[in-house]
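Visitor: My file is input32.cif. It has mmCIF, C-alpha atoms:
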data_input
#
loop_
_atom_site.group_PDB
_atom_site.id
_atom_site.type_symbol
_atom_site.label_atom_id
_atom_site.label_comp_id
_atom_site.auth_asym_id
_atom_site.auth_seq_id
_atom_site.Cartn_x
_atom_site.Cartn_y
_atom_site.Cartn_z
ATOM 1 C CA MET K 777 10.213 -18.510 1.413
ATOM 2 C CA ALA K 778 11.924 -15.231 2.397
ATOM 3 C CA PRO K 779 10.272 -12.943 4.986
ATOM 4 C CA ILE K 780 7.793 -10.579 3.427
ATOM 5 C CA LYS K 781 8.582 -6.881 3.230
ATOM 6 C CA PHE K 782 5.993 -5.096 5.374
ATOM 7 C CA TYR K 783 4.985 -1.438 5.016
ATOM 8 C CA PHE K 784 3.303 0.090 8.059
ATOM 9 C CA VAL K 785 0.561 2.496 7.036
ATOM 10 C CA TYR K 786 1.202 5.993 8.378
ATOM 11 C CA ASN K 787 -1.459 8.671 7.986
ATOM 12 C CA GLY K 788 0.305 11.412 9.891
ATOM 13 C CA ASN K 789 -1.425 11.527 13.267
ATOM 14 C CA LEU K 790 0.485 12.028 16.520
ATOM 15 C CA GLN K 791 -0.213 8.586 17.961
ATOM 16 C CA GLU K 792 1.155 6.860 14.862
ATOM 17 C CA ARG K 793 4.161 9.165 14.713
ATOM 18 C CA GLU K 794 5.148 8.525 18.334
ATOM 19 C CA ALA K 795 5.003 4.743 17.855
ATOM 20 C CA ILE K 796 7.010 4.976 14.636
ATOM 21 C CA GLN K 797 9.641 7.145 16.317
ATOM 22 C CA LYS K 798 10.063 4.508 19.031
ATOM 23 C CA CYS K 799 10.186 1.481 16.719
ATOM 24 C CA ARG K 800 11.704 3.015 13.575
ATOM 25 C CA PRO K 801 10.236 0.494 11.116
ATOM 26 C CA PRO K 802 12.221 0.349 7.858
ATOM 27 C CA ASN K 803 9.179 0.616 5.569
ATOM 28 C CA LEU K 804 6.172 2.953 5.610
ATOM 29 C CA MET K 805 3.141 3.321 3.362
ATOM 30 C CA ILE K 806 1.808 6.871 3.127
ATOM 31 C CA ASN K 807 -1.317 8.166 1.427
ATOM 32 C CA TYR K 808 -0.945 11.119 -0.949
ATOM 33 C CA ILE K 809 -4.270 12.558 0.262
ATOM 34 C CA TYR K 810 -2.971 12.982 3.816
ATOM 35 C CA PHE K 811 0.422 14.361 2.818
ATOM 36 C CA LYS K 812 -0.242 16.368 -0.334
ATOM 37 C CA ASN K 813 0.754 19.571 1.455
ATOM 38 C CA LYS K 814 4.013 18.103 2.758
ATOM 39 C CA THR K 815 7.180 16.797 1.150
ATOM 40 C CA ILE K 816 8.706 13.451 2.050
ATOM 41 C CA LYS K 817 11.763 15.319 3.323
ATOM 42 C CA GLU K 818 9.477 17.083 5.811
ATOM 43 C CA ILE K 819 8.008 13.729 6.846
ATOM 44 C CA ASN K 820 11.512 12.373 7.402
ATOM 45 C CA GLU K 821 12.370 15.365 9.557
ATOM 46 C CA SER K 822 9.256 14.890 11.698
ATOM 47 C CA LEU K 823 10.033 11.180 12.194
ATOM 48 C CA GLY K 824 13.753 11.653 12.821
ATOM 49 C CA TYR K 825 14.937 9.075 10.268
ATOM 50 C CA LYS K 826 14.535 8.036 6.626
ATOM 51 C CA PRO K 827 12.352 4.956 6.069
ATOM 52 C CA ASN K 828 11.598 3.413 2.688
ATOM 53 C CA PHE K 829 8.347 4.880 1.399
ATOM 54 C CA MET K 830 5.663 3.316 -0.718
ATOM 55 C CA VAL K 831 3.087 5.941 -1.703
ATOM 56 C CA ASP K 832 -0.590 5.240 -2.225
ATOM 57 C CA SER K 833 -2.469 7.453 -4.687
ATOM 58 C CA GLY K 834 -5.379 7.969 -2.278
ATOM 59 C CA ALA K 835 -7.935 6.773 -4.831
ATOM 60 C CA PHE K 836 -9.664 4.491 -2.291
ATOM 61 C CA THR K 837 -9.825 7.302 0.283
ATOM 62 C CA GLN K 838 -11.276 9.704 -2.248
ATOM 63 C CA ASN K 839 -13.838 7.150 -3.370
ATOM 64 C CA ASN K 840 -14.995 6.683 0.234
ATOM 65 C CA ARG K 841 -15.321 10.438 0.602
ATOM 66 C CA GLY K 842 -17.311 10.740 -2.607
ATOM 67 C CA GLU K 843 -14.565 12.863 -4.132
ATOM 68 C CA PRO K 844 -13.291 12.653 -7.720
ATOM 69 C CA PRO K 845 -9.770 11.285 -8.246
ATOM 70 C CA ASP K 846 -6.958 13.836 -8.059
ATOM 71 C CA ILE K 847 -4.609 12.310 -10.613
ATOM 72 C CA PHE K 848 -3.145 15.660 -11.735
ATOM 73 C CA GLY K 849 -2.502 16.751 -8.155
ATOM 74 C CA TYR K 850 -0.914 13.380 -7.488
ATOM 75 C CA ILE K 851 1.375 13.735 -10.495
ATOM 76 C CA LYS K 852 2.482 17.215 -9.433
ATOM 77 C CA TRP K 853 3.231 15.983 -5.902
ATOM 78 C CA LEU K 854 5.184 13.026 -7.261
ATOM 79 C CA GLU K 855 7.316 15.332 -9.394
ATOM 80 C CA ASN K 856 8.523 17.055 -6.237
ATOM 81 C CA ASN K 857 9.153 13.867 -4.243
ATOM 82 C CA LEU K 858 10.272 11.146 -6.669
ATOM 83 C CA GLU K 859 13.821 10.874 -5.360
ATOM 84 C CA GLU K 860 12.584 10.267 -1.812
ATOM 85 C CA MET K 861 10.326 7.241 -2.412
ATOM 86 C CA GLU K 862 10.801 3.582 -3.192
ATOM 87 C CA TYR K 863 7.504 2.917 -4.990
ATOM 88 C CA TYR K 864 4.341 4.811 -5.852
ATOM 89 C CA ILE K 865 1.049 3.236 -6.836
ATOM 90 C CA SER K 866 -1.018 4.085 -9.878
ATOM 91 C CA PRO K 867 -4.503 5.538 -9.157
ATOM 92 C CA ASP K 868 -6.987 2.670 -9.300
ATOM 93 C CA VAL K 869 -10.769 2.509 -9.639
ATOM 94 C CA MET K 870 -12.447 -0.107 -7.478
ATOM 95 C CA HIS K 871 -13.475 -3.187 -9.465
ATOM 96 C CA ASP K 872 -12.987 -1.386 -12.770
ATOM 97 C CA GLY K 873 -10.102 -2.994 -14.605
ATOM 98 C CA ARG K 874 -10.410 -0.792 -17.659
ATOM 99 C CA ARG K 875 -10.308 2.575 -15.884
ATOM 100 C CA THR K 876 -7.555 1.356 -13.566
ATOM 101 C CA TYR K 877 -5.530 0.307 -16.595
ATOM 102 C CA GLU K 878 -6.217 3.607 -18.380
ATOM 103 C CA ASN K 879 -4.977 5.570 -15.358
ATOM 104 C CA PHE K 880 -1.794 3.495 -15.365
ATOM 105 C CA VAL K 881 -1.220 4.051 -19.091
ATOM 106 C CA PHE K 882 -1.835 7.791 -18.660
ATOM 107 C CA MET K 883 0.815 8.010 -15.951
ATOM 108 C CA LYS K 884 3.269 6.065 -18.098
ATOM 109 C CA GLU K 885 2.614 8.505 -20.934
ATOM 110 C CA GLN K 886 3.475 11.357 -18.578
ATOM 111 C CA GLY K 887 6.869 9.777 -17.926
ATOM 112 C CA PHE K 888 6.113 8.081 -14.616
ATOM 113 C CA ASN K 889 6.688 4.468 -13.611
ATOM 114 C CA PRO K 890 3.980 3.641 -11.067
ATOM 115 C CA VAL K 891 3.096 0.250 -9.642
ATOM 116 C CA PRO K 892 -0.015 -1.008 -11.466
ATOM 117 C CA VAL K 893 -3.013 -2.273 -9.503
ATOM 118 C CA PHE K 894 -5.007 -5.438 -10.150
ATOM 119 C CA HIS K 895 -8.167 -6.073 -8.109
ATOM 120 C CA TYR K 896 -9.453 -9.240 -6.520
ATOM 121 C CA LYS K 897 -12.148 -10.899 -8.686
ATOM 122 C CA THR K 898 -11.240 -8.751 -11.704
ATOM 123 C CA GLU K 899 -10.804 -10.323 -15.141
ATOM 124 C CA THR K 900 -7.206 -11.450 -15.660
ATOM 125 C CA GLU K 901 -7.128 -9.808 -19.085
ATOM 126 C CA TRP K 902 -6.014 -6.634 -17.298
ATOM 127 C CA LEU K 903 -3.177 -8.401 -15.544
ATOM 128 C CA ASP K 904 -2.237 -9.864 -18.918
ATOM 129 C CA LYS K 905 -1.936 -6.321 -20.260
ATOM 130 C CA TYR K 906 0.486 -5.337 -17.487
ATOM 131 C CA ASN K 907 2.426 -8.519 -18.128
ATOM 132 C CA ASP K 908 2.603 -7.757 -21.864
ATOM 133 C CA MET K 909 3.945 -4.294 -21.014
ATOM 134 C CA GLY K 910 6.791 -5.906 -19.099
ATOM 135 C CA GLU K 911 5.591 -4.923 -15.623
ATOM 136 C CA THR K 912 7.183 -7.126 -12.974
ATOM 137 C CA PHE K 913 5.703 -5.668 -9.757
ATOM 138 C CA VAL K 914 1.932 -5.394 -9.267
ATOM 139 C CA ALA K 915 -0.196 -4.296 -6.292
ATOM 140 C CA LEU K 916 -3.189 -6.520 -5.559
ATOM 141 C CA GLY K 917 -6.234 -4.662 -4.257
ATOM 142 C CA SER K 918 -9.796 -5.172 -2.994
ATOM 143 C CA THR K 919 -8.946 -8.177 -0.809
ATOM 144 C CA VAL K 920 -9.825 -6.455 2.488
ATOM 145 C CA PRO K 921 -13.614 -7.116 2.304
ATOM 146 C CA GLU K 922 -13.051 -10.841 1.732
ATOM 147 C CA ARG K 923 -13.441 -12.421 5.174
ATOM 148 C CA LYS K 924 -12.245 -15.850 4.075
ATOM 149 C CA LYS K 925 -8.572 -15.062 3.797
ATOM 150 C CA SER K 926 -7.940 -18.628 2.647
ATOM 151 C CA LEU K 927 -9.654 -17.624 -0.615
ATOM 152 C CA VAL K 928 -7.313 -14.658 -0.955
ATOM 153 C CA ARG K 929 -4.353 -16.923 -0.241
ATOM 154 C CA MET K 930 -5.384 -19.302 -3.001
ATOM 155 C CA TRP K 931 -5.983 -16.435 -5.434
ATOM 156 C CA VAL K 932 -2.587 -14.851 -4.770
ATOM 157 C CA ASN K 933 -0.726 -18.140 -5.103
ATOM 158 C CA GLU K 934 -2.568 -18.981 -8.330
ATOM 159 C CA LEU K 935 -1.423 -15.641 -9.758
ATOM 160 C CA ALA K 936 2.146 -16.318 -8.619
ATOM 161 C CA VAL K 937 2.136 -19.628 -10.491
ATOM 162 C CA GLN K 938 0.476 -18.212 -13.605
ATOM 163 C CA TYR K 939 2.583 -15.028 -13.815
ATOM 164 C CA ILE K 940 6.032 -16.280 -12.912
ATOM 165 C CA ASN K 941 7.766 -13.065 -14.018
ATOM 166 C CA MET K 942 5.731 -10.927 -11.627
ATOM 167 C CA ASN K 943 6.170 -10.065 -7.971
ATOM 168 C CA PHE K 944 3.143 -9.031 -5.947
ATOM 169 C CA HIS K 945 2.237 -6.610 -3.161
ATOM 170 C CA VAL K 946 -1.077 -7.077 -1.322
ATOM 171 C CA LEU K 947 -2.693 -3.792 -0.349
ATOM 172 C CA GLY K 948 -4.156 -3.480 3.125
ATOM 173 C CA THR K 949 -3.393 -6.786 4.829
ATOM 174 C CA SER K 950 -1.589 -8.055 7.907
ATOM 175 C CA SER K 951 -3.313 -11.445 7.822
ATOM 176 C CA ARG K 952 -0.941 -14.255 8.765
ATOM 177 C CA GLU K 953 -2.925 -16.488 6.409
ATOM 178 C CA ILE K 954 -1.609 -14.304 3.584
ATOM 179 C CA ILE K 955 1.774 -13.265 4.964
ATOM 180 C CA ASP K 956 2.870 -16.767 5.960
ATOM 181 C CA PHE K 957 1.467 -18.764 3.059
ATOM 182 C CA CYS K 958 1.568 -16.528 -0.018
ATOM 183 C CA ASP K 959 4.376 -16.074 -2.496
ATOM 184 C CA LEU K 960 4.605 -12.302 -2.071
ATOM 185 C CA GLN K 961 7.215 -9.587 -2.187
ATOM 186 C CA SER K 962 5.420 -7.221 0.172
ATOM 187 C CA CYS K 963 2.219 -5.975 1.776
ATOM 188 C CA ASP K 964 0.998 -3.053 3.873
ATOM 189 C CA SER K 965 -1.485 -2.545 6.683
ATOM 190 C CA SER K 966 -2.879 -0.077 9.202
ATOM 191 C CA GLY K 967 -3.959 -3.003 11.403
ATOM 192 C CA TRP K 968 -1.199 -2.269 13.915
ATOM 193 C CA ILE K 969 -2.764 1.061 14.929
ATOM 194 C CA LYS K 970 -6.425 0.125 14.411
ATOM 195 C CA THR K 971 -6.143 -2.960 16.622
ATOM 196 C CA ALA K 972 -4.361 -0.978 19.339
ATOM 197 C CA ASN K 973 -7.136 1.615 19.381
ATOM 198 C CA LEU K 974 -9.842 -1.042 19.498
ATOM 199 C CA ARG K 975 -8.276 -2.961 22.379
ATOM 200 C CA GLY K 976 -6.911 -0.149 24.510
ATOM 201 C CA SER K 977 -9.265 1.499 26.989
ATOM 202 C CA THR K 978 -7.033 4.528 27.674
ATOM 203 C CA ARG K 979 -4.722 6.607 25.512
ATOM 204 C CA ALA K 980 -1.680 5.314 27.393
ATOM 205 C CA GLU K 981 -2.792 1.720 26.897
ATOM 206 C CA ARG K 982 -3.494 2.302 23.203
ATOM 207 C CA ASP K 983 -0.062 3.862 22.725
ATOM 208 C CA LYS K 984 1.623 0.916 24.443
ATOM 209 C CA LEU K 985 -0.299 -1.600 22.342
ATOM 210 C CA ALA K 986 0.557 0.230 19.117
ATOM 211 C CA VAL K 987 4.266 -0.128 19.889
ATOM 212 C CA GLN K 988 3.827 -3.782 20.855
ATOM 213 C CA PHE K 989 1.930 -4.626 17.662
ATOM 214 C CA MET K 990 4.472 -2.823 15.514
ATOM 215 C CA ARG K 991 7.419 -4.600 17.127
ATOM 216 C CA LYS K 992 5.643 -7.970 16.916
ATOM 217 C CA THR K 993 5.014 -7.478 13.201
ATOM 218 C CA MET K 994 8.594 -6.360 12.604
ATOM 219 C CA ALA K 995 9.806 -9.579 14.241
ATOM 220 C CA PHE K 996 8.393 -11.829 11.502
ATOM 221 C CA THR K 997 8.642 -9.481 8.506
ATOM 222 C CA CYS K 998 11.407 -7.332 7.086
#
Translate this file's structure into structure tokens.
Guide:
Amino acid sequence: MAPIKFYFVYNGNLQEREAIQKCRPPNLMINYIYFKNKTIKEINESLGYKPNFMVDSGAFTQNNRGEPPDIFGYIKWLENNLEEMEYYISPDVMHDGRRTYENFVFMKEQGFNPVPVFHYKTETEWLDKYNDMGETFVALGSTVPERKKSLVRMWVNELAVQYINMNFHVLGTSSREIIDFCDLQSCDSSGWIKTANLRGSTRAERDKLAVQFMRKTMAFTC
């Protein structure tokens, strides 16, 4: 099994930026909500290099804030940045396969080609619809709350066997249970910075740990 492609989540704060500038990871995941007033070219300039970007719609962030989805704002931002990104994810609605699918179809109708989202414990009829549309790359969401990562591993590998024409990206994971034992194309996580901030007692220690965690993850992913 080839090394998984790992996207480090970057939300734009100084601590993250300094670690990224030191390590220069090849792949970053950014959230539209945090960068809607910036272009990807401006992000590249601030980092000092051009990583591969996967863009998250920010739907999960907005849901946590109690805000309505900003699908039209997202579309407008994408129009100005399409040439600078590798992938961008369709706005999803937690545990609602129908509305998630409808958002995907709406974006396709507007001429976009987003990565569809399929949630953990959602009826596979929605994944069937993406498959019938010829989609070959799907983001798998809502696995973060599941503490038994072995269950996620089994779920992902069952999908890989059932949908042999699809490649999968797991949203929000750096679990070795998933990375090492799932048939995946890619995943993303903010665990590198969150763990550093939890374990470090001073800013200098947290900064050092962030770099260490990033480099360690880069060593077994690509």
Visitor: For Arg874 in chain K, which residue among K:Phe888, K:Phe913, K:Tyr906, K:Trp853 is the nearest when counting only C-alpha atoms?
Guide: K:Tyr906
Visitor: Please provide the set of residues having any atom within 9 Å of range 823-838 of chain K, restricted to only C-alpha atoms, with same-chain residues fewer than 5 positions apart removed, written as number ranges by chain.
Guide: K: 783, 793-794, 796-797, 800-810, 816-818, 843-847, 850, 860-870
Visitor: Save out the residues we just selected, C-alpha atoms, as a PDB file, keeping the file's coordinate frame.
Guide:
ATOM      1  CA  TYR K 783       4.985  -1.438   5.016  1.00  0.00           C
ATOM      2  CA  ARG K 793       4.161   9.165  14.713  1.00  0.00           C
ATOM      3  CA  GLU K 794       5.148   8.525  18.334  1.00  0.00           C
ATOM      4  CA  ILE K 796       7.010   4.976  14.636  1.00  0.00           C
ATOM      5  CA  GLN K 797       9.641   7.145  16.317  1.00  0.00           C
ATOM      6  CA  ARG K 800      11.704   3.015  13.575  1.00  0.00           C
ATOM      7  CA  PRO K 801      10.236   0.494  11.116  1.00  0.00           C
ATOM      8  CA  PRO K 802      12.221   0.349   7.858  1.00  0.00           C
ATOM      9  CA  ASN K 803       9.179   0.616   5.569  1.00  0.00           C
ATOM     10  CA  LEU K 804       6.172   2.953   5.610  1.00  0.00           C
ATOM     11  CA  MET K 805       3.141   3.321   3.362  1.00  0.00           C
ATOM     12  CA  ILE K 806       1.808   6.871   3.127  1.00  0.00           C
ATOM     13  CA  ASN K 807      -1.317   8.166   1.427  1.00  0.00           C
ATOM     14  CA  TYR K 808      -0.945  11.119  -0.949  1.00  0.00           C
ATOM     15  CA  ILE K 809      -4.270  12.558   0.262  1.00  0.00           C
ATOM     16  CA  TYR K 810      -2.971  12.982   3.816  1.00  0.00           C
ATOM     17  CA  ILE K 816       8.706  13.451   2.050  1.00  0.00           C
ATOM     18  CA  LYS K 817      11.763  15.319   3.323  1.00  0.00           C
ATOM     19  CA  GLU K 818       9.477  17.083   5.811  1.00  0.00           C
ATOM     20  CA  GLU K 843     -14.565  12.863  -4.132  1.00  0.00           C
ATOM     21  CA  PRO K 844     -13.291  12.653  -7.720  1.00  0.00           C
ATOM     22  CA  PRO K 845      -9.770  11.285  -8.246  1.00  0.00           C
ATOM     23  CA  ASP K 846      -6.958  13.836  -8.059  1.00  0.00           C
ATOM     24  CA  ILE K 847      -4.609  12.310 -10.613  1.00  0.00           C
ATOM     25  CA  TYR K 850      -0.914  13.380  -7.488  1.00  0.00           C
ATOM     26  CA  GLU K 860      12.584  10.267  -1.812  1.00  0.00           C
ATOM     27  CA  MET K 861      10.326   7.241  -2.412  1.00  0.00           C
ATOM     28  CA  GLU K 862      10.801   3.582  -3.192  1.00  0.00           C
ATOM     29  CA  TYR K 863       7.504   2.917  -4.990  1.00  0.00           C
ATOM     30  CA  TYR K 864       4.341   4.811  -5.852  1.00  0.00           C
ATOM     31  CA  ILE K 865       1.049   3.236  -6.836  1.00  0.00           C
ATOM     32  CA  SER K 866      -1.018   4.085  -9.878  1.00  0.00           C
ATOM     33  CA  PRO K 867      -4.503   5.538  -9.157  1.00  0.00           C
ATOM     34  CA  ASP K 868      -6.987   2.670  -9.300  1.00  0.00           C
ATOM     35  CA  VAL K 869     -10.769   2.509  -9.639  1.00  0.00           C
ATOM     36  CA  MET K 870     -12.447  -0.107  -7.478  1.00  0.00           C
TER      37      MET K 870
END
Visitor: Report the distance between CA of Asn879 in chain K and CA of Pro892 in chain K in Å, rounded to one decimal place.
Guide: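 Atom-to-atom, CA of Asn879 in chain K and CA of Pro892 in chain K are spaced 9.1 Å apart.
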Visitor: Any chance you could work out the residue set of the PyMOL selection byres ((chain K and resi 909) around 12) here, as a list in words?
Guide: Tyr877, Phe880, Val881, Lys884, Asn889, Pro892, Trp902, Leu903, Asp904, Lys905, Tyr906, Asn907, Asp908, Gly910, Glu911, Thr912, Phe913, Val914, Asn941 and Met942 of chain K
Visitor: Could you tell me which of K:Ala986, K:Ala915, K:Val928, K:Val891 comes closest to Lys970 in chain K if we count all atoms listed in the file?
Guide: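 The shortest atom-to-atom distance to Lys970 in chain K comes from K:Ala986.
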Visitor: What does the structure give for the distance between CA of Ile940 in chain K and CA of Glu901 in chain K, in Å to one decimal?
Guide: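 If I compute the distance from CA of Ile940 in chain K to CA of Glu901 in chain K, I get 15.9 Å.
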Visitor: In Å, with one decimal, what is the gap from CA of Lys984 in chain K to CA of Thr997 in chain K?
Guide: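 Calculated distance between CA of Lys984 in chain K and CA of Thr997 in chain K is 20.3 Å.
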Visitor: Would you kindly translate the PyMOL selection byres ((chain K and resi 972) around 9) into the concrete residues it picks from this file, as a PDB file with C-alpha atoms, in the frame of the given file?
Guide:
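After the write, expr16.pdb holds the following:
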ATOM      1  CA  GLY K 967      -3.959  -3.003  11.403  1.00  0.00           C
ATOM      2  CA  TRP K 968      -1.199  -2.269  13.915  1.00  0.00           C
ATOM      3  CA  ILE K 969      -2.764   1.061  14.929  1.00  0.00           C
ATOM      4  CA  LYS K 970      -6.425   0.125  14.411  1.00  0.00           C
ATOM      5  CA  THR K 971      -6.143  -2.960  16.622  1.00  0.00           C
ATOM      6  CA  ASN K 973      -7.136   1.615  19.381  1.00  0.00           C
ATOM      7  CA  LEU K 974      -9.842  -1.042  19.498  1.00  0.00           C
ATOM      8  CA  ARG K 975      -8.276  -2.961  22.379  1.00  0.00           C
ATOM      9  CA  GLY K 976      -6.911  -0.149  24.510  1.00  0.00           C
ATOM     10  CA  GLU K 981      -2.792   1.720  26.897  1.00  0.00           C
ATOM     11  CA  ARG K 982      -3.494   2.302  23.203  1.00  0.00           C
ATOM     12  CA  ASP K 983      -0.062   3.862  22.725  1.00  0.00           C
ATOM     13  CA  LYS K 984       1.623   0.916  24.443  1.00  0.00           C
ATOM     14  CA  LEU K 985      -0.299  -1.600  22.342  1.00  0.00           C
ATOM     15  CA  ALA K 986       0.557   0.230  19.117  1.00  0.00           C
ATOM     16  CA  VAL K 987       4.266  -0.128  19.889  1.00  0.00           C
ATOM     17  CA  GLN K 988       3.827  -3.782  20.855  1.00  0.00           C
ATOM     18  CA  PHE K 989       1.930  -4.626  17.662  1.00  0.00           C
TER      19      PHE K 989
END
Visitor: What does the PyMOL selection byres ((chain K and resi 781) around 7) select in this file, as a list in words?
Guide: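 So the PyMOL selection byres ((chain K and resi 781) around 7), applied here, picks out Pro779, Ile780, Phe782, Tyr783, Gln961, Ser962, Cys963, Thr997 and Cys998 of chain K.
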Visitor: To test the calculation: enclose all listed atoms of range 955-961 of chain K in a box whose edges run along x, y and z, add 4 Å on each side, then state centre and edge lengths in Å to one decimal, as JSON.
Guide:
{"center_x": 4.3, "center_y": -14.2, "center_z": 1.7, "size_x": 13.7, "size_y": 17.2, "size_z": 16.5}
